[in-house]
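As structure tokens, the structure follows; a few thoughts come after it.
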Amino acid sequence: MNESDVIIGIGGAAGDGVASAGNTLALSVARQGQGVYAYNSYQSVIRGGHSWLRLRISAKKPLNHGDQVDALIALNQDTLDRHLQELVAGGVALYNSAKLRPSYKPRAGVQLCPLPVADLTPAYRDLPVMQNTVAVGAVIRLIGLDFAGLESVLESTFAKKPQVVKVNMDAARAGYEYAAAHFQPLPSQLHQADQKWALVTGNELIAMGAALAGCKFYCAYPMSPATHILEWFAGHGKQLGICVRQVEDEISVINMTIGASHMGARSMCATSGGGFALMTEAIGMAGMIETPVVVVNVQRAGPSTGVPTKTEQGDLTQALGASQGDFPRIIIAPTSMPDCFTTPAVAFHVADRYQCPVIILADLLMCEGNETVDPAFLDVDFPINRGELITTAAGAAGGRTSATEEPYLRFKVTESGISPRAVPGVPDHLYVAGTDEHDEDGVLISDVYTDTVRRKKMVDKRVRKMAEVATELPAPRVEGPIDADVTLVGWGSTWGVLTEAVERLNRDGISTNHLHIKFLVPLHVAEVSASLGKSRRIIVVENNQSGQFARHLRAETGIVAHGHIRKYDGEPFEPKHIVAGVKRILKTGTKVVDVLSTESGWQTEHPTGTSGDWPGRRASASAAVRTEAAEV
């Protein structure tokens with residue numbers, strides 16, 4: 001990145017206030033014109049465990065959470081032991097000297113910044129969480145920004161509690177002034193800019209985008225990491241005229257959502273992989289009765305209940321095979337948090353036009369992460385086209401108006417495969433919407449009366465709809481030099497990290513470009529084949545173990561990648577993982593690079609997991625192990 005770029009890590013146990021400290025810091029810098037990308041690696045415990053939140057801050061909008069740490073705020077001893085070794089030369093480690101002490105020496109050039117919190121704020125004795133406010137104030141000073149941004153955030157956060165505002169303001173200012181008097185600022189300094197930002201999560205953007213796209217019914221059962229979509233709709237549904245329902249399980253969710261859509265409302269539901277598994281039979285029903293529905297799957301690590309608070313791209317195969325039999329479905333994978341905002345409008349459009357289920361495959365990384373977006377980006381009116389939808393007798397161009405005219409055929413065989421869809425209750429448009437195979441008029445066909453013509457014509461009719469879908473959706477384009485030696489291929493949320501990895505590889509003399517896939521089904525086979533046909537070496541990058549997209553790419557195009565970079569520990573890729581993986585493939589000819597494999601050397605390079613097997617954790621670590629930690 002060309003602008004000054006700072007990455008701040010905040011770590012502690014659940015209950016230490018990691019998320020609130022991170023949110024305060026993110027808002028404070030955003031109000032001074034800085035772009036923010038934040039990702040919180042946390043565990044599904046109420047107290048204890050380890051949470052590690054990283055904020056990447058720059059006047060230029062960050063595209064990922066980065067792979068270094070310039071400033072560390074350690075809220076407990078475990079965090080100081082884990083992450084002190086990750087600081088780059090010139091970095092700073094802030095911690096409460098009243099209770100924490102480094103257990104090993106950091107690398108050369110790292111500045112230890114003990115904060116005497118008990119002396120800086122008397123409130124600490126009764127409210128230990130005040131150490132967070134002191135540390136946030138201190139780090140604001142060390143990265144070069146004014147106190148005013150933090151001051152405004154504290155005032156708005158505790159606006160209804162003047163005394164709480166004063167206590168927090170005093171603590172933050174004490175940290176700010178102590179840092180100015182006792183510590184050296186970071187070498188990379190940020191400067192106030194004029195850009196206005198809105199700080200949002202991908203889940204909020206999905207919900208807002210759906211609302212602006214005309215969603216009138218939202219149904220869900222809470223399941224991380226999709227729950228915040230439900231919370232947003234619950235908080236705004238009444239004002240926006242959206243019916244919002246939380247029901248007893250995901251089977252009820254999908255059936256109610258399809259029912260609302262069948263009655264003419266644009267309808268959406270969201271879940272994660274386990275809930276999506278319960279929905280698959282009903283998704284087949286939507287395909288059979290040709291009722292549009294939008295289903296969001298915010299992926300987390302699986303199988304079963306898996307790891308609820310970790311990210312993964314492991315549900316592509318599940319989405320491809322959702323329900324049994326052949327029927328049209330469209331699968332879209334948003335590429336970033338801002339793309340989460342625009343994707344629902346696309347999903348509703350193609351669901352309505354082609355009368356089929358649309359699956360949005362997002363993931364925890366971008367849906368629970370925070371990112372700044374330009375408020376003007378959110379000021380949009382999405383065009384709404386309901387397709388071949390008949391809502392009144394006056395609009396029933398193909399309906400029967402007299403006894404001598406052709407009766408209404410809900411599933412009429414057409415050249416495009418799209419039939420006029422009447423909302424129940426429109427006069428002279430009665431039909432059966434059953435889950436068995438049926439004829440054009442909706443009358444069910446049992447196996448006794450089915451002949452090869454009637455069954456085949458209905459299957460062919462439904463499938464024909466897919467021939468046009470790809471023409472409406474923009475094909476992916478190669479980013480970077482067209483004649484590059486290496487082409488990185490990714491899908492979904494890896495776009496930001498791959499974009500930066502391409503920049504780094506080109507700077508290192510490895511000519512690299514990037515093809516990113518958003519529309520998985522239908523895949524733009526001709527365009528993808530043409531782009532990759534020019535590639536000298538194709539490397540597919542994805543957050544799963546089995547290479548699900550690589551298999552899909554090969555099945556659709558016949559293209560076999562030359563190499564694969566995969567990660568499936570529940571944490572997202574960092575740019576350095578991609579850069580090192582590409583270099584390893586080019587140097588050794590390795591076919592599949594597992595980011596966490598012992599052979600790769602990354603087991604100690606990125607010691608931010610939760611297993612505890614990293615050098616700095618043990619206070620009694622030997623000198624040799626301390627040296628290894630410093631070299632990582």
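By order of appearance in the structure tokens: chains A, B, ..., then residues from 1 within every chain, and ligands from 1 in the order shown.
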
For A:Gly48, work out the shell of residues within 12 Å, counting only C-alpha atoms and skipping chain neighbours fewer than 4 positions away, then give it as a compact mmCIF listing (two decimals) with C-alpha atoms, in the first residue's frame.
# COMPACT_ATOMS: atom_id res chain seq x y z
CA GLY A 11 -5.68 -9.26 22.52
CA GLY A 12 -7.21 -10.58 25.70
CA ALA A 13 -9.64 -13.09 27.15
CA ALA A 14 -13.36 -13.06 26.47
CA GLY A 15 -14.78 -10.48 28.87
CA ASP A 16 -11.69 -8.26 28.75
CA GLY A 17 -13.34 -5.88 26.31
CA VAL A 18 -11.29 -6.67 23.20
CA TYR A 42 -12.35 -15.06 18.94
CA GLN A 43 -13.64 -18.23 20.61
CA SER A 44 -17.17 -19.29 21.50
CA ASN A 76 -3.68 -9.97 29.69
CA ASP A 78 -1.41 -14.60 27.65
CA THR A 79 -1.70 -12.02 24.87

What parts of stretch 499-566 of chain A does DSSP call strand (DSSP E or B)? I'd like the answer as a PDB file with C-alpha atoms, in the first residue's frame.
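Okay, result-v8.pdb is ready:
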ATOM      1  CA  THR A 512       1.511 -12.262 -11.527  1.00  0.00           C
ATOM      2  CA  ASN A 513      -2.118 -11.528 -12.308  1.00  0.00           C
ATOM      3  CA  HIS A 514      -5.392 -12.493 -10.689  1.00  0.00           C
ATOM      4  CA  LEU A 515      -8.740 -13.917 -11.813  1.00  0.00           C
ATOM      5  CA  HIS A 516     -11.483 -13.779  -9.205  1.00  0.00           C
ATOM      6  CA  ILE A 517     -14.803 -15.602  -9.441  1.00  0.00           C
ATOM      7  CA  PHE A 519     -20.623 -16.067  -9.930  1.00  0.00           C
ATOM      8  CA  LEU A 520     -19.992 -19.756  -9.252  1.00  0.00           C
ATOM      9  CA  VAL A 521     -23.188 -21.071 -10.865  1.00  0.00           C
ATOM     10  CA  ILE A 538      -2.470 -21.363 -12.692  1.00  0.00           C
ATOM     11  CA  ILE A 539      -2.576 -21.433  -8.883  1.00  0.00           C
ATOM     12  CA  VAL A 540      -5.944 -21.741  -7.103  1.00  0.00           C
ATOM     13  CA  VAL A 541      -6.233 -20.246  -3.619  1.00  0.00           C
ATOM     14  CA  GLU A 542      -9.072 -21.206  -1.278  1.00  0.00           C
ATOM     15  CA  GLY A 563      -0.752 -25.505  -8.048  1.00  0.00           C
ATOM     16  CA  HIS A 564      -2.967 -24.967  -5.035  1.00  0.00           C
ATOM     17  CA  ILE A 565      -2.629 -22.892  -1.860  1.00  0.00           C
ATOM     18  CA  ARG A 566      -5.050 -23.877   0.899  1.00  0.00           C
TER      19      ARG A 566
END

* **6 Å contact set for stretch 209-217 of chain A, only C-alpha atoms, chain neighbours under 3 positions out, as a ChimeraX atom specification** => /A:205-206,242-244,265-267,341-342,344-345,382

Just want the 9 Å neighbourhood of stretch 282-296 of chain A, counted on only C-alpha atoms, with same-chain residues fewer than 6 positions away dropped. Output as a short mmCIF file (atom, residue, chain, number, x, y, z; two decimals) with C-alpha atoms, in the first residue's frame.
data_model
loop_
_atom_site.label_atom_id
_atom_site.label_comp_id
_atom_site.auth_asym_id
_atom_site.auth_seq_id
_atom_site.Cartn_x
_atom_site.Cartn_y
_atom_site.Cartn_z
CA ALA A 226 -25.23 -15.04 10.28
CA ILE A 251 -36.69 -26.15 8.28
CA ILE A 254 -36.84 -21.94 4.62
CA ASN A 255 -40.44 -23.09 4.25
CA THR A 257 -39.45 -17.86 3.31
CA ILE A 258 -40.50 -19.84 0.24
CA GLY A 259 -44.15 -19.40 1.27
CA SER A 261 -42.05 -15.56 -1.87
CA HIS A 262 -44.78 -17.74 -3.36
CA ARG A 266 -39.26 -10.64 -2.11
CA SER A 267 -38.05 -12.96 0.66
CA MET A 268 -34.70 -13.89 2.16
CA CYS A 269 -33.30 -16.05 4.93
CA ALA A 270 -29.79 -16.58 6.27
CA THR A 271 -27.94 -19.27 8.19
CA SER A 272 -24.62 -21.10 8.27
CA PHE A 276 -28.29 -24.77 5.44
CA ALA A 322 -28.26 -28.76 -2.23
CA SER A 323 -31.28 -31.04 -2.64
CA GLN A 324 -31.50 -33.92 -5.08
CA GLY A 325 -32.14 -34.04 -8.81
CA ASP A 326 -31.47 -31.60 -11.62
CA PHE A 327 -32.89 -28.11 -11.28
CA PRO A 328 -31.61 -24.56 -11.79
CA ARG A 329 -29.91 -22.80 -8.94
CA PRO A 344 -28.55 -9.08 -2.58
CA ALA A 347 -29.62 -12.16 -6.16
CA PHE A 348 -33.21 -10.91 -5.98
CA VAL A 350 -32.04 -13.19 -11.00
CA ALA A 351 -34.22 -15.12 -8.51
CA ASP A 352 -37.31 -13.25 -9.73
CA ARG A 353 -36.41 -13.30 -13.40
CA TYR A 354 -35.50 -16.99 -13.54
CA GLN A 355 -37.86 -18.19 -10.79
CA CYS A 356 -35.34 -20.31 -8.95
CA PRO A 357 -33.40 -20.41 -5.67
CA VAL A 358 -30.33 -18.20 -5.36
CA ILE A 359 -27.66 -19.04 -2.80
CA ILE A 360 -25.31 -16.36 -1.51
CA LEU A 361 -22.11 -17.94 -0.17
CA ALA A 362 -20.51 -15.46 2.21
CA PHE A 411 -45.50 -23.93 -15.90
CA ARG A 421 -45.88 -16.55 -12.43
CA ALA A 433 -47.99 -25.79 -6.78
CA GLY A 434 -46.94 -29.26 -5.70
CA THR A 435 -43.56 -30.82 -5.04
CA ASP A 436 -44.20 -33.80 -7.33
CA GLU A 437 -43.40 -33.52 -11.01
CA HIS A 438 -46.24 -31.85 -12.89
CA GLY A 442 -49.46 -27.77 -12.45
CA ARG A 462 -36.49 -25.63 -16.13
#

* To do: Have a look at A:His429, A:Arg300, A:Arg125, A:Lys105 and name the one nearest to A:Pro225; count only C-alpha atoms.
  =>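 Distance minimum relative to A:Pro225 lands on A:Arg300.
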
A:Trp197: which residues within 7 Å, counting only C-alpha atoms, same-chain residues fewer than 4 positions away excluded, as a compact mmCIF listing (two decimals) with N, CA and C atoms, in the first residue's frame?
# COMPACT_ATOMS: atom_id res chain seq x y z
N ALA A 30 -11.44 6.42 12.12
CA ALA A 30 -12.30 6.67 10.96
C ALA A 30 -12.79 8.10 10.95
N GLY A 33 -10.61 10.46 9.16
CA GLY A 33 -10.39 10.24 7.73
C GLY A 33 -9.61 9.00 7.38
N THR A 372 -14.49 0.16 6.77
CA THR A 372 -15.02 1.48 6.47
C THR A 372 -15.43 1.53 5.00
N VAL A 373 -16.56 2.16 4.74
CA VAL A 373 -17.01 2.38 3.36
C VAL A 373 -17.43 3.84 3.23
N ASP A 374 -17.32 4.35 2.03
CA ASP A 374 -17.75 5.71 1.74
C ASP A 374 -19.28 5.78 1.88
N PRO A 375 -19.82 6.67 2.72
CA PRO A 375 -21.27 6.75 2.86
C PRO A 375 -22.00 6.95 1.54
